[in-house]
file upload05.pdb (PDB, C-alpha atoms and all ligand atoms)
ATOM      1  CA  MET O   1      24.945 -27.177  69.850
ATOM      2  CA  CYS O   2      23.822 -30.796  70.142
ATOM      3  CA  GLY O   3      26.676 -32.044  67.970
ATOM      4  CA  LYS O   4      24.477 -34.126  65.655
ATOM      5  CA  ILE O   5      24.002 -33.641  61.929
ATOM      6  CA  ASP O   6      20.284 -32.813  62.389
ATOM      7  CA  CYS O   7      21.127 -29.859  64.635
ATOM      8  CA  TYR O   8      23.606 -28.519  62.103
ATOM      9  CA  THR O   9      21.129 -28.991  59.269
ATOM     10  CA  GLU O  10      18.681 -26.857  61.243
ATOM     11  CA  ALA O  11      21.367 -24.271  62.000
ATOM     12  CA  PHE O  12      22.252 -24.088  58.282
ATOM     13  CA  LYS O  13      18.555 -23.442  57.543
ATOM     14  CA  LYS O  14      18.393 -20.595  60.044
ATOM     15  CA  LEU O  15      21.337 -18.431  59.044
ATOM     16  CA  ARG O  16      20.859 -14.811  59.964
ATOM     17  CA  THR O  17      20.914 -13.012  56.628
ATOM     18  CA  ASP O  18      19.748  -9.605  55.484
ATOM     19  CA  ARG O  19      16.266  -9.805  53.922
ATOM     20  CA  ASN O  20      15.449  -6.942  51.620
ATOM     21  CA  ARG O  21      13.380  -7.115  48.447
ATOM     22  CA  THR O  22      14.936  -4.041  46.912
ATOM     23  CA  ARG O  23      18.547  -4.917  47.696
ATOM     24  CA  TRP O  24      18.556  -8.650  46.913
ATOM     25  CA  ILE O  25      17.266 -10.491  43.875
ATOM     26  CA  SER O  26      14.610 -13.174  43.592
ATOM     27  CA  LEU O  27      17.245 -15.812  42.685
ATOM     28  CA  THR O  28      18.594 -15.539  46.228
ATOM     29  CA  THR O  29      15.049 -15.449  47.637
ATOM     30  CA  TYR O  30      15.521 -11.729  48.385
ATOM     31  CA  ARG O  31      18.157 -12.469  50.974
ATOM     32  CA  ALA O  32      21.857 -11.608  51.173
ATOM     33  CA  PRO O  33      23.675 -14.630  49.687
ATOM     34  CA  HIS O  34      27.058 -14.056  51.365
ATOM     35  CA  LYS O  35      26.818 -16.655  54.113
ATOM     36  CA  PRO O  36      25.427 -19.431  51.868
ATOM     37  CA  PHE O  37      28.149 -18.727  49.261
ATOM     38  CA  LEU O  38      30.849 -18.843  51.937
ATOM     39  CA  LEU O  39      29.566 -22.105  53.410
ATOM     40  CA  LEU O  40      29.243 -23.710  49.955
ATOM     41  CA  SER O  41      32.847 -22.669  49.273
ATOM     42  CA  VAL O  42      34.048 -24.120  52.577
ATOM     43  CA  LEU O  43      32.269 -27.415  51.831
ATOM     44  CA  ASP O  44      33.911 -27.533  48.375
ATOM     45  CA  HIS O  45      37.345 -26.934  49.869
ATOM     46  CA  ILE O  46      36.860 -29.680  52.441
ATOM     47  CA  ASP O  47      35.877 -31.989  49.583
ATOM     48  CA  GLN O  48      39.036 -31.014  47.648
ATOM     49  CA  GLY O  49      41.272 -31.344  50.691
ATOM     50  CA  LEU O  50      42.233 -27.672  50.579
ATOM     51  CA  ILE O  51      40.757 -27.424  54.081
ATOM     52  CA  ASN O  52      42.003 -30.472  55.948
ATOM     53  CA  SER O  53      41.939 -29.330  59.541
ATOM     54  CA  ASN O  54      39.425 -27.400  61.557
ATOM     55  CA  LEU O  55      40.730 -23.955  60.772
ATOM     56  CA  ILE O  56      39.321 -22.010  57.853
ATOM     57  CA  ALA O  57      41.550 -19.254  56.526
ATOM     58  CA  PRO O  58      40.204 -16.489  54.275
ATOM     59  CA  ASP O  59      42.865 -17.310  51.711
ATOM     60  CA  TYR O  60      42.899 -16.389  48.052
ATOM     61  CA  GLU O  61      41.509 -19.744  46.916
ATOM     62  CA  LEU O  62      38.473 -19.374  49.170
ATOM     63  CA  VAL O  63      37.980 -15.848  47.824
ATOM     64  CA  GLU O  64      38.022 -17.253  44.262
ATOM     65  CA  THR O  65      35.547 -20.029  45.007
ATOM     66  CA  PHE O  66      33.217 -17.574  46.756
ATOM     67  CA  GLY O  67      33.491 -15.297  43.710
ATOM     68  CA  ARG O  68      32.671 -18.189  41.350
ATOM     69  CA  TYR O  69      29.373 -18.843  43.084
ATOM     70  CA  TRP O  70      28.664 -15.120  43.230
ATOM     71  CA  SER O  71      29.253 -14.451  39.555
ATOM     72  CA  ARG O  72      26.971 -17.281  38.419
ATOM     73  CA  ILE O  73      23.758 -15.638  39.563
ATOM     74  CA  MET O  74      24.406 -12.163  40.943
ATOM     75  CA  PRO O  75      23.977  -9.104  38.686
ATOM     76  CA  LEU O  76      26.800  -8.454  36.226
ATOM     77  CA  GLY O  77      29.361  -5.989  37.474
ATOM     78  CA  THR O  78      28.757  -6.738  41.153
ATOM     79  CA  SER O  79      31.250  -8.637  43.242
ATOM     80  CA  GLY O  80      30.864  -9.888  46.760
ATOM     81  CA  ASN O  81      33.314  -9.301  49.552
ATOM     82  CA  ILE O  82      34.051 -12.487  51.474
ATOM     83  CA  ALA O  83      35.299 -10.429  54.436
ATOM     84  CA  TYR O  84      31.733  -9.621  55.524
ATOM     85  CA  PRO O  85      30.354 -13.157  55.895
ATOM     86  CA  PHE O  86      33.660 -14.382  57.287
ATOM     87  CA  ILE O  87      33.234 -11.961  60.203
ATOM     88  CA  TYR O  88      29.436 -11.916  60.501
ATOM     89  CA  MET O  89      29.210 -15.704  60.501
ATOM     90  CA  ASP O  90      30.485 -15.419  64.069
ATOM     91  CA  SER O  91      26.865 -14.781  65.024
ATOM     92  CA  GLU O  92      26.043 -18.361  64.000
ATOM     93  CA  PRO O  93      26.381 -20.981  66.747
ATOM     94  CA  PHE O  94      28.802 -23.236  64.801
ATOM     95  CA  TRP O  95      31.348 -20.630  63.523
ATOM     96  CA  HIS O  96      34.034 -19.303  65.861
ATOM     97  CA  LEU O  97      36.600 -16.703  64.894
ATOM     98  CA  SER O  98      40.007 -17.536  66.236
ATOM     99  CA  PRO O  99      41.751 -14.282  67.233
ATOM    100  CA  LYS O 100      45.500 -13.933  67.437
ATOM    101  CA  PRO O 101      46.473 -13.473  71.081
ATOM    102  CA  GLU O 102      48.724 -10.491  70.589
ATOM    103  CA  VAL O 103      46.213  -8.290  68.757
ATOM    104  CA  LYS O 104      43.325  -6.225  70.047
ATOM    105  CA  ILE O 105      40.116  -6.755  68.089
ATOM    106  CA  PRO O 106      38.494  -3.386  67.393
ATOM    107  CA  THR O 107      34.891  -3.178  68.584
ATOM    108  CA  GLY O 108      32.117  -1.415  66.745
ATOM    109  CA  LYS O 109      34.144  -1.167  63.562
ATOM    110  CA  THR O 110      33.325  -3.111  60.434
ATOM    111  CA  ILE O 111      36.174  -5.276  59.210
ATOM    112  CA  SER O 112      35.856  -5.136  55.445
ATOM    113  CA  SER O 113      39.194  -6.379  54.183
ATOM    114  CA  VAL O 114      40.628  -9.859  53.898
ATOM    115  CA  LYS O 115      44.061  -8.482  54.753
ATOM    116  CA  ARG O 116      42.733  -7.045  58.022
ATOM    117  CA  ILE O 117      41.077 -10.352  58.933
ATOM    118  CA  LYS O 118      44.414 -12.097  58.439
ATOM    119  CA  GLU O 119      46.104  -9.550  60.705
ATOM    120  CA  LEU O 120      43.567 -10.080  63.474
ATOM    121  CA  PHE O 121      42.592 -13.755  63.217
ATOM    122  CA  TYR O 122      44.146 -17.132  62.513
ATOM    123  CA  GLY O 123      40.867 -17.889  60.793
ATOM    124  CA  ALA O 124      37.584 -19.450  61.851
ATOM    125  CA  ARG O 125      36.957 -22.762  63.563
ATOM    126  CA  LEU O 126      33.814 -24.794  63.178
ATOM    127  CA  ASP O 127      32.261 -26.631  66.123
ATOM    128  CA  ASP O 128      34.557 -29.489  67.084
ATOM    129  CA  GLU O 129      31.636 -31.878  66.516
ATOM    130  CA  LEU O 130      30.756 -30.378  63.121
ATOM    131  CA  PHE O 131      34.118 -30.603  61.370
ATOM    132  CA  PRO O 132      34.415 -34.438  61.440
ATOM    133  CA  LEU O 133      30.855 -34.693  60.090
ATOM    134  CA  LEU O 134      31.895 -32.569  57.113
ATOM    135  CA  LEU O 135      34.606 -35.051  56.213
ATOM    136  CA  VAL O 136      31.880 -37.626  55.480
ATOM    137  CA  ASP O 137      30.807 -37.312  51.846
ATOM    138  CA  HIS O 138      27.069 -37.888  52.180
ATOM    139  CA  LEU O 139      26.730 -35.623  55.240
ATOM    140  CA  ARG O 140      28.605 -32.829  53.496
ATOM    141  CA  GLU O 141      26.331 -33.294  50.471
ATOM    142  CA  ARG O 142      23.280 -33.137  52.719
ATOM    143  CA  LEU O 143      24.338 -29.788  54.196
ATOM    144  CA  LYS O 144      25.160 -28.490  50.747
ATOM    145  CA  GLU O 145      21.671 -29.394  49.517
ATOM    146  CA  THR O 146      20.199 -27.729  52.599
ATOM    147  CA  LEU O 147      21.975 -24.493  51.703
ATOM    148  CA  ILE O 148      20.978 -24.685  48.042
ATOM    149  CA  THR O 149      17.309 -25.445  48.643
ATOM    150  CA  THR O 150      16.922 -22.950  51.504
ATOM    151  CA  TYR O 151      18.646 -19.873  50.094
ATOM    152  CA  PHE O 152      18.204 -20.130  46.338
ATOM    153  CA  ALA O 153      15.136 -19.994  44.112
ATOM    154  CA  PRO O 154      14.255 -23.168  42.165
ATOM    155  CA  GLU O 155      15.721 -21.748  38.927
ATOM    156  CA  ALA O 156      19.031 -20.905  40.668
ATOM    157  CA  GLN O 157      19.438 -24.261  42.392
ATOM    158  CA  PRO O 158      20.711 -26.251  39.372
ATOM    159  CA  ILE O 159      23.220 -23.456  38.668
ATOM    160  CA  MET O 160      24.587 -23.708  42.200
ATOM    161  CA  ARG O 161      24.838 -27.488  41.913
ATOM    162  CA  GLU O 162      26.608 -27.172  38.573
ATOM    163  CA  GLN O 163      29.084 -24.663  39.993
ATOM    164  CA  GLY O 164      29.914 -27.148  42.753
ATOM    165  CA  GLU O 165      30.688 -29.770  40.093
ATOM    166  CA  ILE O 166      32.768 -27.295  38.085
ATOM    167  CA  ASN O 167      34.747 -26.378  41.207
ATOM    168  CA  ARG O 168      35.472 -30.052  41.857
ATOM    169  CA  ASP O 169      36.482 -30.818  38.256
ATOM    170  CA  ALA O 170      38.515 -27.612  37.816
ATOM    171  CA  PHE O 171      40.440 -28.378  40.977
ATOM    172  CA  ALA O 172      41.254 -31.870  39.700
ATOM    173  CA  TYR O 173      42.208 -30.409  36.307
ATOM    174  CA  SER O 174      44.584 -27.836  37.824
ATOM    175  CA  GLU O 175      46.181 -30.388  40.152
ATOM    176  CA  ASN O 176      46.802 -32.537  37.110
ATOM    177  CA  LEU O 177      48.400 -29.611  35.265
ATOM    178  CA  LEU O 178      50.609 -28.873  38.258
ATOM    179  CA  HIS O 179      51.684 -32.409  39.009
ATOM    180  CA  THR O 180      52.047 -34.007  35.623
ATOM    181  CA  SER O 181      52.450 -30.814  33.525
ATOM    182  CA  GLU O 182      50.118 -32.492  31.092
ATOM    183  CA  ALA O 183      46.799 -31.194  29.934
ATOM    184  CA  LYS O 184      44.625 -34.226  30.464
ATOM    185  CA  PRO O 185      41.981 -35.567  30.580
ATOM    186  CA  GLU O 186      41.490 -35.487  26.850
ATOM    187  CA  SER O 187      37.720 -35.705  27.279
ATOM    188  CA  LEU O 188      37.717 -32.070  28.345
ATOM    189  CA  TYR O 189      38.935 -31.087  24.885
ATOM    190  CA  ALA O 190      36.616 -33.300  22.926
ATOM    191  CA  ASP O 191      33.775 -30.840  22.586
ATOM    192  CA  ASP O 192      34.853 -27.237  22.322
ATOM    193  CA  ALA O 193      31.311 -25.979  22.453
ATOM    194  CA  ASP O 194      30.498 -27.577  25.801
ATOM    195  CA  GLU O 195      30.184 -24.602  28.116
ATOM    196  CA  LYS O 196      30.642 -26.578  31.304
ATOM    197  CA  LYS O 197      33.866 -28.177  30.081
ATOM    198  CA  GLU O 198      35.087 -24.785  28.980
ATOM    199  CA  LYS O 199      34.451 -23.407  32.454
ATOM    200  CA  VAL O 200      36.318 -26.334  34.020
ATOM    201  CA  ARG O 201      39.331 -25.763  31.746
ATOM    202  CA  ASP O 202      39.378 -21.989  32.240
ATOM    203  CA  GLN O 203      39.045 -22.228  35.979
ATOM    204  CA  GLY O 204      41.583 -25.044  36.292
ATOM    205  CA  PHE O 205      44.143 -23.365  34.040
ATOM    206  CA  ARG O 206      43.719 -20.097  35.929
ATOM    207  CA  ARG O 207      44.208 -21.762  39.298
ATOM    208  CA  ALA O 208      47.407 -23.480  38.144
ATOM    209  CA  ILE O 209      48.913 -20.359  36.571
ATOM    210  CA  VAL O 210      47.980 -17.889  39.306
ATOM    211  CA  ASN O 211      49.437 -20.218  41.944
ATOM    212  CA  LEU O 212      52.640 -20.850  39.982
ATOM    213  CA  TYR O 213      53.266 -17.127  39.512
ATOM    214  CA  GLU O 214      52.126 -16.324  43.056
ATOM    215  CA  HIS O 215      49.797 -13.603  41.765
ATOM    216  CA  ARG O 216      52.642 -11.683  40.115
ATOM    217  CA  CYS O 217      52.446 -10.362  36.547
ATOM    218  CA  ALA O 218      55.200 -12.092  34.563
ATOM    219  CA  LEU O 219      55.893  -9.026  32.426
ATOM    220  CA  CYS O 220      55.675  -6.011  34.752
ATOM    221  CA  GLY O 221      55.991  -7.719  38.136
ATOM    222  CA  ILE O 222      52.938  -6.090  39.674
ATOM    223  CA  ARG O 223      51.312  -8.025  42.511
ATOM    224  CA  MET O 224      48.122  -6.508  43.884
ATOM    225  CA  MET O 225      45.153  -7.702  45.872
ATOM    226  CA  THR O 226      42.044  -5.653  46.558
ATOM    227  CA  PRO O 227      40.640  -5.420  50.103
ATOM    228  CA  ALA O 228      38.129  -8.106  49.062
ATOM    229  CA  GLY O 229      41.083 -10.355  48.159
ATOM    230  CA  HIS O 230      40.737 -10.195  44.371
ATOM    231  CA  THR O 231      44.013 -10.582  42.486
ATOM    232  CA  VAL O 232      45.113  -8.322  39.654
ATOM    233  CA  VAL O 233      46.467 -11.127  37.481
ATOM    234  CA  GLU O 234      44.788 -13.230  34.837
ATOM    235  CA  ALA O 235      45.945 -16.494  33.302
ATOM    236  CA  ALA O 236      47.098 -15.837  29.748
ATOM    237  CA  HIS O 237      47.781 -18.386  27.043
ATOM    238  CA  ILE O 238      50.996 -17.735  25.126
ATOM    239  CA  GLU O 239      49.870 -19.632  22.046
ATOM    240  CA  PRO O 240      46.122 -18.934  21.968
ATOM    241  CA  TRP O 241      43.752 -21.715  22.954
ATOM    242  CA  ARG O 242      41.957 -21.495  19.606
ATOM    243  CA  VAL O 243      45.229 -22.176  17.748
ATOM    244  CA  LYS O 244      46.602 -24.990  19.831
ATOM    245  CA  HIS O 245      44.511 -26.557  22.534
ATOM    246  CA  ASP O 246      47.325 -26.363  25.044
ATOM    247  CA  ASP O 247      46.649 -25.687  28.710
ATOM    248  CA  LYS O 248      50.059 -26.863  29.910
ATOM    249  CA  PRO O 249      51.491 -24.397  32.419
ATOM    250  CA  THR O 250      54.409 -23.918  29.998
ATOM    251  CA  ASN O 251      51.942 -22.348  27.549
ATOM    252  CA  GLY O 252      50.777 -19.848  30.148
ATOM    253  CA  MET O 253      51.797 -16.783  32.107
ATOM    254  CA  ALA O 254      50.080 -14.793  34.821
ATOM    255  CA  LEU O 255      49.593 -11.282  33.474
ATOM    256  CA  CYS O 256      47.935  -8.125  34.814
ATOM    257  CA  ARG O 257      45.119  -6.811  32.666
ATOM    258  CA  LEU O 258      47.176  -4.229  30.828
ATOM    259  CA  CYS O 259      50.019  -6.667  30.111
ATOM    260  CA  HIS O 260      47.544  -9.377  29.098
ATOM    261  CA  TRP O 261      45.898  -7.067  26.590
ATOM    262  CA  SER O 262      49.275  -5.762  25.328
ATOM    263  CA  PHE O 263      50.611  -9.316  24.966
ATOM    264  CA  ASP O 264      47.506 -10.557  23.126
ATOM    265  CA  GLU O 265      47.608  -7.490  20.850
ATOM    266  CA  GLY O 266      51.269  -8.104  20.032
ATOM    267  CA  LEU O 267      52.632  -4.976  21.713
ATOM    268  CA  MET O 268      54.916  -7.015  23.960
ATOM    269  CA  THR O 269      56.585 -10.401  23.738
ATOM    270  CA  VAL O 270      59.329 -12.407  25.455
ATOM    271  CA  ASN O 271      62.668 -13.240  23.826
ATOM    272  CA  ASN O 272      64.887 -16.324  23.982
ATOM    273  CA  ASP O 273      66.548 -15.035  27.147
ATOM    274  CA  TYR O 274      63.220 -14.468  28.906
ATOM    275  CA  GLU O 275      63.408 -10.700  28.542
ATOM    276  CA  VAL O 276      60.476  -8.422  27.670
ATOM    277  CA  LYS O 277      60.476  -7.045  24.135
ATOM    278  CA  VAL O 278      58.307  -4.032  23.341
ATOM    279  CA  SER O 279      56.913  -3.366  19.882
ATOM    280  CA  LYS O 280      58.057  -0.311  17.951
ATOM    281  CA  THR O 281      54.379   0.670  17.704
ATOM    282  CA  VAL O 282      54.451   1.592  21.375
ATOM    283  CA  ARG O 283      57.430   3.893  20.842
ATOM    284  CA  GLN O 284      55.762   5.643  17.934
ATOM    285  CA  ASP O 285      52.367   6.279  19.499
ATOM    286  CA  ASN O 286      52.129   8.771  22.346
ATOM    287  CA  ASN O 287      48.806   7.345  23.414
ATOM    288  CA  PHE O 288      50.366   4.105  24.621
ATOM    289  CA  PRO O 289      51.258   4.188  28.304
ATOM    290  CA  GLY O 290      54.932   5.008  28.703
ATOM    291  CA  HIS O 291      55.480   2.472  31.446
ATOM    292  CA  ILE O 292      55.309  -0.340  28.910
ATOM    293  CA  LEU O 293      58.523   1.070  27.407
ATOM    294  CA  THR O 294      60.253   0.928  30.777
ATOM    295  CA  LEU O 295      59.740  -2.858  30.784
ATOM    296  CA  SER O 296      61.799  -3.286  27.618
ATOM    297  CA  ASP O 297      64.741  -5.701  28.034
ATOM    298  CA  ARG O 298      63.847  -6.461  31.634
ATOM    299  CA  PRO O 299      63.783 -10.120  32.711
ATOM    300  CA  ILE O 300      60.317 -11.562  33.140
ATOM    301  CA  PHE O 301      59.133 -13.071  36.421
ATOM    302  CA  LYS O 302      59.041 -16.849  36.150
ATOM    303  CA  PRO O 303      57.794 -19.646  38.409
ATOM    304  CA  GLY O 304      60.340 -21.076  40.835
ATOM    305  CA  ARG O 305      60.705 -24.419  39.094
ATOM    306  CA  ALA O 306      62.195 -24.342  35.601
ATOM    307  CA  LYS O 307      59.867 -27.057  34.332
ATOM    308  CA  PHE O 308      57.018 -24.528  34.534
ATOM    309  CA  TRP O 309      58.809 -21.700  32.737
ATOM    310  CA  PRO O 310      57.180 -20.577  29.484
ATOM    311  CA  ALA O 311      58.205 -22.924  26.683
ATOM    312  CA  GLN O 312      60.323 -21.341  23.968
ATOM    313  CA  ASP O 313      58.363 -23.044  21.192
ATOM    314  CA  ASN O 314      55.154 -21.407  22.451
ATOM    315  CA  LEU O 315      56.934 -18.065  22.791
ATOM    316  CA  ASP O 316      58.358 -18.545  19.313
ATOM    317  CA  TYR O 317      54.818 -18.779  17.930
ATOM    318  CA  HIS O 318      53.926 -15.550  19.724
ATOM    319  CA  ARG O 319      57.053 -13.759  18.439
ATOM    320  CA  LYS O 320      56.385 -14.827  14.841
ATOM    321  CA  MET O 321      52.597 -14.711  14.598
ATOM    322  CA  ILE O 322      51.343 -12.163  17.126
ATOM    323  CA  PHE O 323      54.124  -9.706  18.055
ATOM    324  CA  ILE O 324      54.162  -6.515  15.982
ATOM    325  CA  LYS O 325      57.834  -5.994  15.204
TER     326      LYS O 325
HETATM  327 ZN    ZN A 401      51.667  -6.418  34.060
END

call {"tool": "encode", "arguments": {"input": "upload05.pdb", "output": "structure tokens", "more": "lines below"}}
Ligand SMILES: [Zn+2]
result
Amino acid sequence: MCGKIDCYTEAFKKLRTDRNRTRWISLTTYRAPHKPFLLLSVLDHIDQGLINSNLIAPDYELVETFGRYWSRIMPLGTSGNIAYPFIYMDSEPFWHLSPKPEVKIPTGKTISSVKRIKELFYGARLDDELFPLLLVDHLRERLKETLITTYFAPEAQPIMREQGEINRDAFAYSENLLHTSEAKPESLYADDADEKKEKVRDQGFRRAIVNLYEHRCALCGIRMMTPAGHTVVEAAHIEPWRVKHDDKPTNGMALCRLCHWSFDEGLMTVNNDYEVKVSKTVRQDNNFPGHILTLSDRPIFKPGRAKFWPAQDNLDYHRKMIFIK
């Protein structure tokens, strides 16, 4: 490639993507959106400093960002697999997979799991001339606009731009939660009905909690990732958001879906010694899954640093107001 921004702008306009009017929707101009979503995610992560050298890893955070773009406009219930564009982007002149020397890359076989990519590759490198250009704000913005205007219909374009802003603000919000343990800025709480602010808070809180618990459910200890890299855990508030607008990590736990539901319904709680307590209701009803009972009196899984452990005053609220004794 020529190494200049104009050449890369052209290359971004000419991505090889599947065109099929029955498979892909009008919002993505009837084309597969995987490569544009991946590149938008990479640009966001360069902006946030999550990618700070010329090696892109298909890590969990990139999977999440890719999924955020996907879920904004793609049909409900569908989810994209970042593994495909990560591999297929190799057909573009600026994207170079970086294989590990000791492994043999299988030929003719589709690599469809993030785990497999990590086994085979260090990640992907961009052209040596392209990466420094992406560190310049206005050039990165220009390429982002190129992607948005080329691969998305006019009605989808503002949604993609908004998601970029949400990603930026949610990242800042979660970094703030992690570094100061305080839930600022206050402006994000001012208007509860503002959907964009709500998305920023949700996304930022989730990022902080999932990272602190390293994708492990605090109550049952499960830690699972799908081949597409999706994590089983959700970020749960101990004292519900509607009761006390408190996004501090100490008012949160990472919980798998079953534990999250059981915790919110009051079937499980956590005692003063950070042990799981199971409601009598579970014992009395055969329909409740027995494995919840096996968690009784077991220590919960907590973040490494004590300052992020669930706060006892938040847990106390849950024990008194939500737990069914
Ligand atoms: Zn669980």

call {"tool": "closest_residue", "arguments": {"input": "upload05.pdb", "among": "O:Pro132, O:Gly221, O:Pro36, O:Gly204", "to": "ligand ZN 401 (chain A)", "atoms": "only C-alpha atoms and all ligand atoms"}}
result
O:Gly221

call {"tool": "residues_near_ligand", "arguments": {"input": "upload05.pdb", "ligand": "ligand ZN 401 (chain A)", "cutoff": "12 Å", "atoms": "all atoms listed in the file", "output": "PyMOL selection string"}}
result
chain O and resi 215-224+232-236+253-263+268+276+291-292+294-295+300-301

call {"tool": "residues_around", "arguments": {"input": "upload05.pdb", "residues": "Glu64 (chain O)", "least_positions_apart": "6", "cutoff": "10 Å", "atoms": "all atoms listed in the file", "output": "count of residues only"}}
result
8

call {"tool": "closest_residue", "arguments": {"input": "upload05.pdb", "among": "O:Glu119, O:Glu265, O:Glu239, O:Asp90", "to": "Gly252 (chain O)", "atoms": "all atoms listed in the file"}}
result
O:Glu239

call {"tool": "residues_around", "arguments": {"input": "upload05.pdb", "residues": "Asp169 (chain O)", "least_positions_apart": "4", "cutoff": "10 Å", "atoms": "only C-alpha atoms", "output": "count of residues only"}}
result
13

call {"tool": "closest_atom_pairs", "arguments": {"input": "upload05.pdb", "of": "region 180-278 of chain O", "to": "region 319-323 of chain O", "cutoff": "7 Å", "atoms": "all atoms listed in the file", "output": "CSV"}}
result
residue,atom,partner,partner_atom,distance
O:Gly266,CA,O:Phe323,CA,3.8
O:Leu267,CA,O:Phe323,CA,6.2
O:Met268,CA,O:Phe323,CA,6.5
O:Thr269,CA,O:Phe323,CA,6.2

call {"tool": "write_last_selection", "arguments": {"input": "upload05.pdb", "atoms": "C-alpha atoms", "output": "JSON list (two decimals), keeping the file's coordinate frame"}}
result
[["chain", "number", "residue", "atom", "x", "y", "z"],
["O", 266, "GLY", "CA", 51.27, -8.10, 20.03],
["O", 267, "LEU", "CA", 52.63, -4.98, 21.71],
["O", 268, "MET", "CA", 54.92, -7.02, 23.96],
["O", 269, "THR", "CA", 56.58, -10.40, 23.74]]

call {"tool": "axis_aligned_box", "arguments": {"input": "upload05.pdb", "around": "region 160-163 of chain O", "padding_each_side": "4 Å", "output": "JSON"}}
result
{"center_x": 26.8, "center_y": -25.6, "center_z": 40.4, "size_x": 12.5, "size_y": 11.8, "size_z": 11.6}

call {"tool": "decode", "arguments": {"input": "upload05.pdb", "residues": "region 160-176 of chain O", "atoms": "N, CA and C atoms", "output": "mmCIF file, in the first residue's frame"}}
result
data_model
loop_
_atom_site.group_PDB
_atom_site.id
_atom_site.type_symbol
_atom_site.label_atom_id
_atom_site.label_comp_id
_atom_site.auth_asym_id
_atom_site.auth_seq_id
_atom_site.Cartn_x
_atom_site.Cartn_y
_atom_site.Cartn_z
ATOM 1 N N MET O 160 -24.711 4.496 14.636
ATOM 2 C CA MET O 160 -23.310 4.061 14.728
ATOM 3 C C MET O 160 -22.443 5.150 15.368
ATOM 4 N N ARG O 161 -22.711 6.397 14.987
ATOM 5 C CA ARG O 161 -21.942 7.499 15.587
ATOM 6 C C ARG O 161 -22.223 7.574 17.088
ATOM 7 N N GLU O 162 -23.490 7.427 17.443
ATOM 8 C CA GLU O 162 -23.853 7.502 18.863
ATOM 9 C C GLU O 162 -23.184 6.365 19.646
ATOM 10 N N GLN O 163 -23.152 5.171 19.046
ATOM 11 C CA GLN O 163 -22.533 4.054 19.767
ATOM 12 C C GLN O 163 -21.043 4.328 20.013
ATOM 13 N N GLY O 164 -20.401 4.963 19.044
ATOM 14 C CA GLY O 164 -18.994 5.344 19.227
ATOM 15 C C GLY O 164 -18.834 6.274 20.430
ATOM 16 N N GLU O 165 -19.756 7.226 20.554
ATOM 17 C CA GLU O 165 -19.698 8.169 21.691
ATOM 18 C C GLU O 165 -19.962 7.437 23.008
ATOM 19 N N ILE O 166 -20.937 6.526 22.982
ATOM 20 C CA ILE O 166 -21.255 5.761 24.194
ATOM 21 C C ILE O 166 -20.042 4.933 24.610
ATOM 22 N N ASN O 167 -19.385 4.298 23.628
ATOM 23 C CA ASN O 167 -18.209 3.487 23.946
ATOM 24 C C ASN O 167 -17.133 4.341 24.628
ATOM 25 N N ARG O 168 -16.935 5.547 24.087
ATOM 26 C CA ARG O 168 -15.918 6.436 24.655
ATOM 27 C C ARG O 168 -16.293 6.845 26.090
ATOM 28 N N ASP O 169 -17.549 7.253 26.282
ATOM 29 C CA ASP O 169 -17.976 7.736 27.597
ATOM 30 C C ASP O 169 -18.053 6.598 28.619
ATOM 31 N N ALA O 170 -18.495 5.419 28.168
ATOM 32 C CA ALA O 170 -18.604 4.274 29.089
ATOM 33 C C ALA O 170 -17.218 3.828 29.536
ATOM 34 N N PHE O 171 -16.266 3.903 28.626
ATOM 35 C CA PHE O 171 -14.897 3.541 28.995
ATOM 36 C C PHE O 171 -14.390 4.503 30.078
ATOM 37 N N ALA O 172 -14.599 5.791 29.847
ATOM 38 C CA ALA O 172 -14.153 6.790 30.832
ATOM 39 C C ALA O 172 -14.868 6.559 32.171
ATOM 40 N N TYR O 173 -16.151 6.253 32.114
ATOM 41 C CA TYR O 173 -16.942 6.025 33.321
ATOM 42 C C TYR O 173 -16.395 4.822 34.102
ATOM 43 N N SER O 174 -16.096 3.731 33.383
ATOM 44 C CA SER O 174 -15.618 2.527 34.081
ATOM 45 C C SER O 174 -14.213 2.742 34.639
ATOM 46 N N GLU O 175 -13.378 3.466 33.900
ATOM 47 C CA GLU O 175 -12.027 3.741 34.418
ATOM 48 C C GLU O 175 -12.124 4.549 35.706
ATOM 49 N N ASN O 176 -13.072 5.479 35.712
ATOM 50 C CA ASN O 176 -13.290 6.283 36.910
ATOM 51 C C ASN O 176 -13.750 5.418 38.083
#
